[in-house]
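Enquirer: Got a file for you: target-v1.txt, compact mmCIF, C-alpha atoms.
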# COMPACT_ATOMS: atom_id res chain seq x y z
CA MET I 7 0.00 0.00 0.00
CA THR I 8 2.76 2.37 0.99
CA LEU I 9 4.80 1.25 -1.95
CA ASP I 10 1.90 1.97 -4.30
CA ARG I 11 1.52 5.44 -2.86
CA ASP I 12 5.23 6.09 -3.14
CA SER I 13 5.22 4.81 -6.68
CA ALA I 14 2.31 7.09 -7.61
CA ALA I 15 4.06 10.06 -6.02
CA THR I 16 7.24 9.25 -7.92
CA ASP I 17 5.37 8.93 -11.20
CA ALA I 18 3.64 12.23 -10.52
CA LEU I 19 6.97 13.90 -9.75
CA LEU I 20 8.56 12.61 -12.95
CA THR I 21 5.56 13.72 -14.97
CA ASP I 22 5.79 17.12 -13.32
CA LEU I 23 9.45 17.42 -14.24
CA TYR I 24 8.65 16.47 -17.79
CA VAL I 25 5.83 19.02 -18.05
CA ASP I 26 8.18 21.63 -16.57
CA ALA I 27 10.68 20.97 -19.33
CA LEU I 28 7.97 20.83 -21.95
CA LEU I 29 6.48 24.19 -20.99
CA ALA I 30 9.91 25.75 -20.74
CA GLY I 31 10.51 24.82 -24.37
CA ALA I 32 13.35 22.46 -23.56
CA ILE I 33 11.46 19.68 -25.29
CA LEU I 34 9.52 20.51 -28.40
CA ASP I 35 8.15 17.03 -28.83
CA ALA I 36 8.98 13.51 -27.85
CA ALA I 37 11.20 12.84 -30.85
CA ALA I 38 13.08 16.09 -30.41
CA GLY I 39 13.44 15.31 -26.75
CA ARG I 40 15.55 12.31 -27.57
CA THR I 41 18.07 14.26 -29.58
CA ALA I 42 17.87 17.86 -28.49
CA GLY I 43 19.66 17.49 -25.19
CA LEU I 44 19.43 19.99 -22.43
CA ARG I 45 19.15 23.70 -22.36
CA ARG I 46 19.51 23.89 -18.63
CA GLY I 47 21.96 21.86 -16.52
CA GLY I 48 22.23 18.10 -16.28
CA THR I 49 23.37 15.53 -18.72
CA PRO I 50 22.90 16.05 -22.45
CA ASN I 51 20.30 13.30 -22.73
CA GLY I 52 18.66 13.95 -19.39
CA PHE I 53 15.30 14.91 -20.83
CA ALA I 54 15.27 11.96 -23.17
CA ASP I 55 15.84 9.71 -20.18
CA LEU I 56 13.12 11.56 -18.32
CA ALA I 57 10.74 11.14 -21.25
CA ASP I 58 11.48 7.43 -21.30
CA SER I 59 10.80 7.08 -17.61
CA ILE I 60 7.22 8.35 -17.60
CA ASP I 61 4.04 6.83 -18.91
CA PRO I 62 4.05 7.22 -22.74
CA SER I 63 0.36 8.03 -22.87
CA ALA I 64 0.72 10.76 -20.24
CA ARG I 65 3.70 12.13 -22.13
CA ARG I 66 1.84 12.31 -25.41
CA VAL I 67 -1.18 13.90 -23.77
CA ALA I 68 1.05 16.50 -22.16
CA GLU I 69 2.55 17.34 -25.54
CA ARG I 70 -0.86 17.55 -27.12
CA LEU I 71 -2.37 19.70 -24.38
CA ARG I 72 0.57 22.06 -24.60
CA ARG I 73 -0.20 22.45 -28.30
CA ASP I 74 -4.00 22.51 -28.20
CA LEU I 75 -4.89 24.38 -25.02
CA ALA I 76 -4.28 27.87 -26.27
CA ARG I 77 -4.72 31.00 -24.23
CA VAL I 78 -7.82 32.93 -25.22
CA HIS I 79 -7.76 36.70 -25.36
CA PRO I 80 -10.90 38.76 -24.84
CA SER I 81 -12.10 41.25 -27.41
CA PHE I 82 -10.37 44.59 -27.69
CA ARG I 83 -13.64 46.34 -26.99
CA PHE I 84 -14.06 44.48 -23.71
CA GLU I 85 -10.45 45.15 -22.76
CA GLU I 86 -10.81 48.89 -23.23
CA ARG I 87 -14.22 49.04 -21.58
CA LEU I 88 -12.92 47.29 -18.50
CA ALA I 89 -9.80 49.46 -18.51
CA THR I 90 -12.02 52.54 -18.45
CA ARG I 91 -14.11 51.12 -15.63
CA LEU I 92 -11.00 50.29 -13.64
CA ALA I 93 -9.67 53.79 -14.18
CA GLU I 94 -12.93 55.23 -12.85
CA ALA I 95 -12.74 52.95 -9.84
CA ALA I 96 -9.12 53.97 -9.31
CA VAL I 97 -10.09 57.64 -9.35
CA ALA I 98 -12.81 56.89 -6.81
CA LEU I 99 -10.23 55.16 -4.64
CA ARG I 100 -7.98 58.20 -4.86
CA LEU I 101 -10.73 60.56 -3.65
CA PRO I 102 -10.34 59.72 0.04
CA LEU I 103 -6.68 60.60 -0.31
CA ALA I 104 -7.53 63.84 -2.03
CA ALA I 105 -10.20 64.95 0.46
CA GLY I 106 -8.95 68.15 2.00
CA ALA I 107 -6.25 68.48 -0.62
CA GLU I 108 -7.85 71.68 -1.80
CA GLY I 109 -6.53 73.25 1.38
CA ARG I 110 -2.99 74.46 1.57
CA ILE I 111 -0.58 75.04 4.35
CA VAL I 112 0.56 78.62 4.81
CA PRO I 113 2.81 80.05 7.49
CA PHE I 114 1.36 81.92 10.40
CA PRO I 115 2.29 85.56 9.83
CA GLY I 116 4.89 85.88 12.50
CA GLY I 117 7.70 87.46 10.51
CA PRO I 118 11.12 86.06 9.86
CA SER I 119 12.82 84.39 12.71
CA ALA I 120 16.41 84.83 13.70
CA ASP I 121 17.10 81.12 13.95
CA VAL I 122 15.99 80.26 10.44
CA ASP I 123 18.59 78.14 8.69
CA PRO I 124 20.19 80.29 5.99
CA GLY I 125 20.48 77.19 3.88
CA LEU I 126 16.75 77.27 3.29
CA GLY I 127 17.12 80.30 1.07
CA PRO I 128 16.33 83.97 1.33
CA ASP I 129 12.56 83.45 1.42
CA ALA I 130 12.59 80.66 3.93
CA GLY I 131 11.92 82.83 6.90
CA ALA I 132 9.24 84.93 5.28
CA SER I 133 7.37 82.13 3.64
CA GLY I 134 8.02 79.45 6.17
CA GLY I 135 10.03 77.47 3.64
CA LEU I 136 7.21 76.47 1.34
CA ILE I 137 8.05 73.79 -1.17
CA PRO I 138 6.07 73.99 -4.39
CA ALA I 139 3.33 71.45 -4.85
CA GLY I 140 4.46 68.17 -6.26
CA SER I 141 8.07 68.58 -5.30
CA ALA I 142 7.68 66.83 -1.97
CA PRO I 143 8.62 63.18 -2.32
CA GLY I 144 5.95 60.60 -1.72
CA LEU I 145 3.05 62.99 -1.50
CA ASN I 146 2.11 62.50 -5.12
CA GLY I 147 0.60 65.92 -5.49
CA VAL I 148 -1.96 65.38 -2.76
CA ALA I 149 -0.76 68.21 -0.60
CA ALA I 150 -0.37 71.54 -2.29
CA GLY I 151 2.67 72.45 -0.26
CA VAL I 152 4.76 71.34 2.68
CA LEU I 153 6.94 73.18 5.11
CA THR I 154 10.60 72.43 5.09
CA SER I 155 10.49 73.04 8.81
CA ASP I 156 8.17 70.04 9.10
CA LEU I 157 10.62 67.89 7.24
CA ASP I 158 13.51 68.55 9.57
CA PRO I 159 12.77 69.54 13.18
CA ALA I 160 16.29 70.85 13.56
CA HIS I 161 15.55 73.52 10.98
CA ARG I 162 12.15 74.48 12.37
CA PRO I 163 11.84 78.26 12.81
CA ALA I 164 10.50 79.26 16.17
CA ALA I 165 7.95 81.74 14.85
CA ALA I 166 6.65 79.70 11.96
CA ARG I 167 3.26 78.09 12.62
CA PRO I 168 1.55 76.17 9.88
CA LEU I 169 -2.07 77.08 9.27
CA LEU I 170 -4.32 74.98 7.17
CA ILE I 171 -6.76 76.97 5.09
CA GLY I 172 -9.52 75.39 3.09
CA GLY I 173 -11.04 71.95 3.21
CA ALA I 174 -12.08 71.02 6.71
CA LEU I 175 -11.36 74.42 8.22
CA THR I 176 -13.41 76.18 5.60
CA SER I 177 -16.43 74.03 6.26
CA ALA I 178 -15.97 74.42 10.01
CA ALA I 179 -15.77 78.19 9.65
CA LEU I 180 -18.95 78.24 7.59
CA SER I 181 -20.72 76.22 10.26
CA ILE I 182 -19.57 78.56 13.01
CA ALA I 183 -20.61 81.61 10.99
CA GLY I 184 -24.02 80.09 10.33
CA ALA I 185 -24.58 79.28 13.99
CA ALA I 186 -23.52 82.80 14.99
CA PHE I 187 -25.91 84.35 12.46
CA VAL I 188 -28.85 82.27 13.71
CA ALA I 189 -27.99 83.15 17.30
CA TRP I 190 -27.82 86.85 16.42
CA ARG I 191 -31.14 86.71 14.60
CA LEU I 192 -32.88 84.95 17.48
CA GLY I 193 -31.43 87.21 20.14
CA ARG I 194 -31.91 90.47 18.27
CA PRO I 195 -34.62 92.68 19.88
CA GLY I 196 -37.18 94.41 17.76
CA ARG I 197 -38.67 93.65 14.41
CA ALA I 198 -36.98 92.09 11.48
CA SER I 199 -35.42 94.56 9.10
CA THR I 200 -35.00 92.45 6.02
CA PRO I 201 -36.40 93.90 2.78
CA MET I 202 -39.00 91.17 2.64
CA ALA I 203 -40.14 91.90 6.18
CA ARG I 204 -40.27 95.63 5.49
CA ALA I 205 -42.33 95.04 2.33
CA ALA I 206 -44.74 92.77 4.20
CA ARG I 207 -45.18 95.33 6.93
CA ALA I 208 -45.79 98.12 4.36
CA VAL I 209 -48.49 96.11 2.63
CA ARG I 210 -50.14 95.27 5.90
CA ASP I 211 -50.10 98.96 7.03
CA ALA I 212 -51.55 100.08 3.69
CA ARG I 213 -54.39 97.59 3.98
CA LEU I 214 -55.14 98.68 7.54
CA SER I 215 -55.18 102.36 6.62
CA ALA I 216 -57.41 101.67 3.60
CA ALA I 217 -59.82 99.63 5.68
CA SER I 218 -60.17 102.19 8.48
CA PRO I 219 -62.10 104.95 6.50
CA ALA I 220 -64.46 102.38 5.05
CA ARG I 221 -65.13 100.99 8.52
CA GLY I 222 -65.78 104.63 9.72
CA LEU I 223 -68.32 105.23 6.93
CA ASP I 224 -70.33 102.21 8.00
CA MET K 14 18.37 31.22 -17.87
CA SER K 15 15.51 31.86 -15.58
CA VAL K 16 12.28 30.54 -16.96
CA PRO K 17 9.05 32.05 -15.63
CA GLY K 18 6.76 29.70 -13.83
CA ARG K 19 9.39 27.03 -13.36
CA ARG K 20 10.58 25.46 -10.18
CA SER K 21 14.00 26.54 -9.00
CA THR K 22 16.78 24.09 -9.73
CA ALA K 23 19.55 26.00 -7.98
CA PRO K 24 22.31 23.77 -6.68
CA ALA K 25 22.47 23.25 -2.95
CA GLU K 26 25.86 24.93 -2.61
CA LEU K 27 24.49 28.29 -3.69
CA PRO K 28 23.71 30.63 -0.80
CA THR K 29 20.14 30.60 0.33
CA ARG K 30 18.14 33.51 -0.98
CA ILE K 31 17.31 35.95 1.74
CA ALA K 32 14.21 37.27 0.11
CA HIS K 33 12.30 35.99 -2.86
CA LEU K 34 11.28 38.78 -5.16
CA ASP K 35 7.86 38.83 -6.68
CA ARG K 36 8.33 39.81 -10.30
CA ASP K 37 5.25 42.02 -9.99
CA ARG K 38 6.47 43.81 -6.89
CA PRO K 39 7.33 47.14 -8.58
CA LEU K 40 3.98 47.26 -10.34
CA VAL K 41 2.09 46.24 -7.22
CA GLU K 42 3.82 48.85 -5.08
CA ALA K 43 3.16 51.52 -7.69
CA ALA K 44 -0.51 50.54 -7.81
CA GLN K 45 -0.74 50.57 -4.03
CA ARG K 46 0.61 54.12 -4.00
CA ASP K 47 -1.53 55.27 -6.90
CA PRO K 48 -4.54 53.11 -7.91
CA LEU K 49 -4.37 54.50 -11.44
CA GLN K 50 -1.15 52.54 -11.90
CA PHE K 51 -3.14 49.32 -11.60
CA ASP K 52 -3.60 49.48 -15.35
CA ALA K 53 -0.19 47.89 -15.95
CA LEU K 54 -1.10 44.87 -13.84
CA TYR K 55 -4.46 44.67 -15.58
CA ARG K 56 -2.88 44.60 -19.03
CA ARG K 57 -0.38 41.98 -17.95
CA TYR K 58 -2.91 39.54 -16.56
CA LEU K 59 -6.08 40.23 -18.51
CA ALA K 60 -5.66 37.39 -20.99
CA GLN K 61 -4.65 34.93 -18.30
CA VAL K 62 -7.63 35.65 -16.07
CA TYR K 63 -9.98 35.70 -19.02
CA SER K 64 -8.63 32.39 -20.35
CA TYR K 65 -8.98 30.77 -16.97
CA ALA K 66 -12.57 31.95 -16.68
CA TYR K 67 -13.34 30.89 -20.23
CA TYR K 68 -11.95 27.39 -19.77
CA GLU K 69 -13.87 27.08 -16.52
CA LEU K 70 -17.19 28.39 -17.75
CA GLY K 71 -17.14 27.81 -21.49
CA ASP K 72 -18.95 31.04 -22.28
CA HIS K 73 -17.48 34.31 -23.46
CA HIS K 74 -20.02 36.52 -21.72
CA GLU K 75 -19.67 34.76 -18.41
CA ALA K 76 -15.91 34.83 -18.74
CA GLU K 77 -16.09 38.59 -19.28
CA ASP K 78 -18.27 38.99 -16.19
CA VAL K 79 -15.87 36.98 -14.08
CA THR K 80 -12.86 38.85 -15.46
CA GLU K 81 -14.46 42.18 -14.69
CA ARG K 82 -15.38 41.18 -11.15
CA THR K 83 -11.93 39.74 -10.55
CA PHE K 84 -10.06 42.88 -11.53
CA LEU K 85 -12.46 45.21 -9.74
CA ALA K 86 -12.12 43.16 -6.56
CA ALA K 87 -8.35 43.05 -6.94
CA LEU K 88 -8.18 46.82 -7.34
CA ALA K 89 -10.46 47.43 -4.36
CA ASN K 90 -8.43 45.12 -2.12
CA LEU K 91 -4.96 45.84 -3.43
CA ALA K 92 -4.09 47.98 -0.42
CA GLY K 93 -4.50 44.93 1.79
CA PHE K 94 -2.44 42.65 -0.42
CA GLU K 95 0.74 41.40 1.22
CA GLU K 96 3.42 39.53 -0.58
CA ARG K 97 4.00 36.23 1.11
CA ALA K 98 6.43 34.64 -1.28
CA ARG K 99 8.31 31.50 -0.44
CA PRO K 100 11.54 30.29 -2.00
CA ALA K 101 9.63 27.20 -3.08
CA ASP K 102 7.50 29.35 -5.34
CA GLY K 103 10.39 29.36 -7.76
CA ASP K 104 12.21 31.92 -9.85
CA GLY K 105 9.87 34.34 -11.50
CA ALA K 106 6.90 33.14 -9.54
CA SER K 107 4.44 35.84 -8.77
CA THR K 108 2.50 35.85 -5.56
CA PHE K 109 0.34 38.64 -6.95
CA ARG K 110 -0.67 36.27 -9.74
CA VAL K 111 -1.54 33.58 -7.19
CA TRP K 112 -3.60 36.11 -5.23
CA LEU K 113 -5.32 37.30 -8.41
CA PHE K 114 -6.21 33.76 -9.45
CA GLN K 115 -7.57 33.02 -5.99
CA ILE K 116 -9.95 35.92 -6.56
CA ALA K 117 -10.76 34.62 -10.03
CA ARG K 118 -11.41 31.15 -8.67
CA ASN K 119 -13.90 32.54 -6.16
CA ALA K 120 -15.54 34.63 -8.88
CA VAL K 121 -15.90 31.55 -11.09
CA ALA K 122 -17.44 29.62 -8.19
CA ASN K 123 -19.95 32.41 -7.62
CA GLN K 124 -20.74 32.52 -11.32
CA ARG K 125 -21.34 28.78 -11.38
CA ARG K 126 -23.60 29.04 -8.38
CA GLY K 127 -25.68 31.70 -10.06
CA ARG K 128 -26.33 30.02 -13.35
CA ARG K 129 -28.90 27.37 -14.03
CA ARG K 130 -27.36 25.15 -16.64
CA HIS K 131 -23.95 24.14 -17.83
CA PRO K 132 -23.07 25.34 -21.31
CA GLN K 133 -21.75 23.10 -24.02
CA ALA K 134 -18.06 22.66 -24.59
CA PRO K 135 -16.58 25.76 -26.24
CA LEU K 136 -16.26 24.31 -29.70
CA GLU K 137 -16.22 27.63 -31.47
CA ALA K 138 -12.98 28.54 -29.75
CA ALA K 139 -11.27 25.66 -31.49
CA ALA K 140 -11.66 27.58 -34.73
CA LEU K 141 -9.39 30.26 -33.35
CA VAL K 142 -6.51 27.81 -33.22
CA ALA K 143 -6.91 26.49 -36.73
CA ASP K 144 -5.18 28.05 -39.72
CA PRO K 145 -7.86 29.91 -41.73
CA LEU K 146 -5.89 29.49 -44.99
CA ASP K 147 -5.52 25.74 -44.72
CA VAL K 148 -9.07 24.46 -45.04
CA GLU K 149 -8.39 20.74 -44.88
CA GLY K 150 -5.65 20.99 -42.28
CA GLY K 151 -7.65 23.57 -40.42
CA ALA K 152 -10.61 21.24 -40.13
CA GLN K 153 -8.39 18.50 -38.74
CA VAL K 154 -6.80 20.88 -36.26
CA ARG K 155 -10.23 22.10 -35.22
CA ASP K 156 -11.36 18.53 -34.61
CA GLU K 157 -8.29 17.70 -32.58
CA VAL K 158 -8.48 20.88 -30.52
CA ALA K 159 -12.18 20.39 -29.90
CA ALA K 160 -11.55 16.80 -28.83
CA ALA K 161 -8.81 17.89 -26.44
CA TRP K 162 -10.99 20.62 -24.98
CA LYS K 163 -13.87 18.24 -24.57
CA ALA K 164 -11.69 15.68 -22.85
CA VAL K 165 -10.38 18.30 -20.46
CA GLY K 166 -13.89 19.57 -19.90
CA ARG K 167 -15.02 16.11 -18.84
CA LEU K 168 -12.46 15.95 -16.06
CA PRO K 169 -13.51 16.43 -12.44
CA SER K 170 -13.34 20.09 -11.55
CA ASP K 171 -10.18 19.99 -9.45
CA ARG K 172 -8.24 18.07 -12.10
CA ARG K 173 -9.54 20.29 -14.88
CA ARG K 174 -8.58 23.40 -12.95
CA ALA K 175 -5.08 22.07 -12.33
CA ILE K 176 -4.63 21.17 -16.01
CA VAL K 177 -5.80 24.60 -17.18
CA LEU K 178 -3.54 26.42 -14.74
CA ARG K 179 -0.61 24.21 -15.74
CA PHE K 180 -0.94 24.17 -19.51
CA VAL K 181 -2.83 27.35 -20.35
CA GLU K 182 -1.51 29.70 -17.69
CA GLU K 183 1.84 27.87 -17.49
CA MET K 184 1.92 28.13 -13.72
CA SER K 185 4.40 26.21 -11.63
CA THR K 186 3.20 23.47 -9.33
CA ALA K 187 3.85 25.74 -6.36
CA GLU K 188 1.70 28.50 -7.83
CA ILE K 189 -1.13 26.10 -8.60
CA ALA K 190 -0.90 24.81 -5.04
CA GLY K 191 -1.29 28.40 -3.85
CA VAL K 192 -4.32 29.01 -6.06
CA LEU K 193 -6.08 25.76 -5.23
CA GLY K 194 -5.11 25.71 -1.56
CA ARG K 195 -3.44 22.30 -1.78
CA SER K 196 0.02 20.91 -1.27
CA GLU K 197 2.44 20.70 -4.17
CA GLY K 198 2.44 16.92 -3.95
CA ALA K 199 -1.33 16.83 -4.21
CA VAL K 200 -1.21 19.09 -7.26
CA ARG K 201 1.37 16.84 -8.94
CA VAL K 202 -0.83 13.81 -8.38
CA LEU K 203 -3.87 15.73 -9.64
CA ILE K 204 -2.10 16.62 -12.88
CA HIS K 205 -0.66 13.17 -13.34
CA ARG K 206 -4.07 11.53 -12.93
CA ALA K 207 -5.70 14.15 -15.14
CA LEU K 208 -3.22 13.40 -17.94
CA ARG K 209 -3.96 9.70 -17.70
CA SER K 210 -7.70 10.36 -17.74
CA VAL K 211 -7.41 12.55 -20.82
CA ALA K 212 -5.22 9.93 -22.46
CA ARG K 213 -7.84 7.29 -21.86
CA ASP K 214 -10.54 9.62 -23.10
CA LEU K 215 -8.70 10.43 -26.29
CA GLY K 216 -7.71 6.84 -26.87
CA ALA K 217 -4.07 7.52 -26.37
CA GLY K 218 -1.79 4.54 -26.32
CA ALA K 219 -4.21 2.41 -28.28
CA GLY K 220 -2.79 3.44 -31.59
CA GLY K 221 0.88 3.60 -30.78
CA SER K 222 2.59 6.85 -31.68
CA GLY K 223 -0.31 9.23 -32.12
CA PHE K 224 -3.75 9.81 -30.76
CA ALA K 225 -6.56 7.81 -32.20
CA ARG K 226 -9.30 10.11 -33.45
CA PRO K 227 -12.15 9.63 -30.98
CA ASP K 228 -15.33 8.24 -32.34
CA LYS K 229 -17.97 10.90 -32.80
CA ARG K 230 -20.61 8.84 -31.06
CA GLU K 231 -18.30 8.39 -28.10
CA ARG K 232 -17.46 12.08 -28.01
CA SER K 233 -21.05 13.16 -28.08
CA SER K 234 -22.14 10.71 -25.43
Show the structure stored in the file as structure tokens.
Expert:
Amino acid sequence: MTLDRDSAATDALLTDLYVDALLAGAILDAAAGRTAGLRRGGTPNGFADLADSIDPSARRVAERLRRDLARVHPSFRFEERLATRLAEAAVALRLPLAAGAEGRIVPFPGGPSADVDPGLGPDAGASGGLIPAGSAPGLNGVAAGVLTSDLDPAHRPAAARPLLIGGALTSAALSIAGAAFVAWRLGRPGRASTPMARAARAVRDARLSAASPARGLD
Amino acid sequence: MSVPGRRSTAPAELPTRIAHLDRDRPLVEAAQRDPLQFDALYRRYLAQVYSYAYYELGDHHEAEDVTERTFLAALANLAGFEERARPADGDGASTFRVWLFQIARNAVANQRRGRRRHPQAPLEAAALVADPLDVEGGAQVRDEVAAAWKAVGRLPSDRRRAIVLRFVEEMSTAEIAGVLGRSEGAVRVLIHRALRSVARDLGAGAGGSGFARPDKRERSS
């Protein structure tokens, strides 16, 4: 029983080696295998010996399947349609990365600092050492700019403070402004002074004044 | 010369490789940084995934569906892909390809589950292999290719899958083991038995040097 299993495993291993050689092009067919010799290591007639050692029917089937089982390519139209769909999906995947990328980092206006590294250039102190968008390695254009002081803490100017403008801060500022406006409107004493309110009040006063003489005549 | 998809035959005295390099690693890393770069991987493996699906399902439209789902799933999950290559995977082996075919295998299984009937063997594809200028020879080639495809199609699913991955996709035994979730020894035995089954089906060995042309009544039964 064990011998049978070992024998089957050995046969399978030899067949596998033969198929390896066949797919690698070392053996073009059985006849060529006997005379072609090796293209990779071993004895010159190693593959011929290998071909002799496996089941002839399995060997011929392997040669035939290598010839007949061709790879099938899809239509060009399908290929391009799927490529377009994948590109759209890729753009959608990039969006989370790009969220907030419309904001940019600008230095807090604190003026040039005395301990700015002169190696950063003449504008480093005034601008906070802004690197143009896309020049920062690894950011892939997501951030519009990056401070050189953030790259190297040793060169960080004392007065420079990065401030993010746009994106999340913009929406937060709008929310705060909206809440403040509502609070001001609710807490404001007196009548509303919007044009619409003034027009409504004028119409109502005109109707009241027109109705009063008629009511007096009755 | 290093042959893609072949088991390593490096002598024992050579120093052990510290790290096995996936041949797709540069493309995978580029695609993980920027999903738009996935296009290069898509172009490289489109025909392989499509062929695998076509041999499994026997229908162009279903193969297109599976191919589309496979690549969309691969793109969506690429960030979580980790290369887990082993030296046994061989020179030029690609763990990304193994991962991609695992996705394709699941997509094919889902497609099979969803359909109601099995299609006929893909006979029309045999015409693609034949020479259109050689009518007589082309007809014979078509017959032989169709017979081979039918014989492979009659194999049990695990054997058929192993044969397609080995001969159509030219994967190494280690890669097939990764795709099918089996040991390399089990894959070798699968392929060996599949070859013997196909040989019996095609009447190999009965006629000596070549294959006996299978009887049409036998083939259709």
Enquirer: Might you pull out every residue within 7 Å of segment 203-219 of chain K, with all atoms listed in the file counted and same-chain residues fewer than 4 positions away left off, and present them as a list in words?
Expert: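 The filter keeps Ala18, Thr21, Ser63, Ala64, Val67 and Ala68 of chain I; Ala164, Val165, Arg172, Ala175, Ile176, Ala199, Phe224, Ala225 and Pro227 of chain K.
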Enquirer: For C-alpha atoms, I'd like the residues from the last selection saved as a PDB file, keeping the file's coordinate frame.
Expert:
ATOM      1  CA  ALA I  18       3.640  12.230 -10.520  1.00  0.00           C
ATOM      2  CA  THR I  21       5.560  13.720 -14.970  1.00  0.00           C
ATOM      3  CA  SER I  63       0.360   8.030 -22.870  1.00  0.00           C
ATOM      4  CA  ALA I  64       0.720  10.760 -20.240  1.00  0.00           C
ATOM      5  CA  VAL I  67      -1.180  13.900 -23.770  1.00  0.00           C
ATOM      6  CA  ALA I  68       1.050  16.500 -22.160  1.00  0.00           C
TER       7      ALA I  68
ATOM      8  CA  ALA K 164     -11.690  15.680 -22.850  1.00  0.00           C
ATOM      9  CA  VAL K 165     -10.380  18.300 -20.460  1.00  0.00           C
ATOM     10  CA  ARG K 172      -8.240  18.070 -12.100  1.00  0.00           C
ATOM     11  CA  ALA K 175      -5.080  22.070 -12.330  1.00  0.00           C
ATOM     12  CA  ILE K 176      -4.630  21.170 -16.010  1.00  0.00           C
ATOM     13  CA  ALA K 199      -1.330  16.830  -4.210  1.00  0.00           C
ATOM     14  CA  PHE K 224      -3.750   9.810 -30.760  1.00  0.00           C
ATOM     15  CA  ALA K 225      -6.560   7.810 -32.200  1.00  0.00           C
ATOM     16  CA  PRO K 227     -12.150   9.630 -30.980  1.00  0.00           C
TER      17      PRO K 227
END
Enquirer: Give the residues of chain I that lie within 9 Å of chain K; count only C-alpha atoms, and format the answer as an MDAnalysis selection string.
Expert: chainID I and resid 14:15 17:19 21:22 25:27 29:30 45:47 61:68 70:80 84:85 88:89 91:97 99:100 144 146
Enquirer: Within 10 Å of Asn119 of chain K, counting all atoms listed in the file, which residues qualify if same-chain residues fewer than 6 places away don't, as a PyMOL selection string?
Expert: chain K and resi 79+83+125
Enquirer: If I take atom CA of Arg174 of chain K and atom CA of Glu75 of chain K, how far is one from the other in Å, to one decimal?
Expert: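 According to the coordinates, atom CA of Arg174 of chain K and atom CA of Glu75 of chain K are separated by 16.8 Å.
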Enquirer: Rounded to one decimal place, report the atom CA of Val111 of chain K-atom CA of Ile189 of chain K distance in Å.
Expert: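 Taking atom CA of Val111 of chain K and atom CA of Ile189 of chain K, their separation equals 7.6 Å.
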Enquirer: Quick one: pull the distance between atom CA of Ala122 of chain K and atom CA of Arg110 of chain K, Å, one decimal.
Expert: 18.1 Å
Enquirer: So which one's closest to Arg173 of chain K, K:Leu40, K:Ala187, K:Leu70, K:Ala117? Using all atoms listed in the file, please.
Expert: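 Of K:Leu40, K:Ala187, K:Leu70, K:Ala117, the one nearest Arg173 of chain K is K:Leu70, counting all atoms listed in the file.
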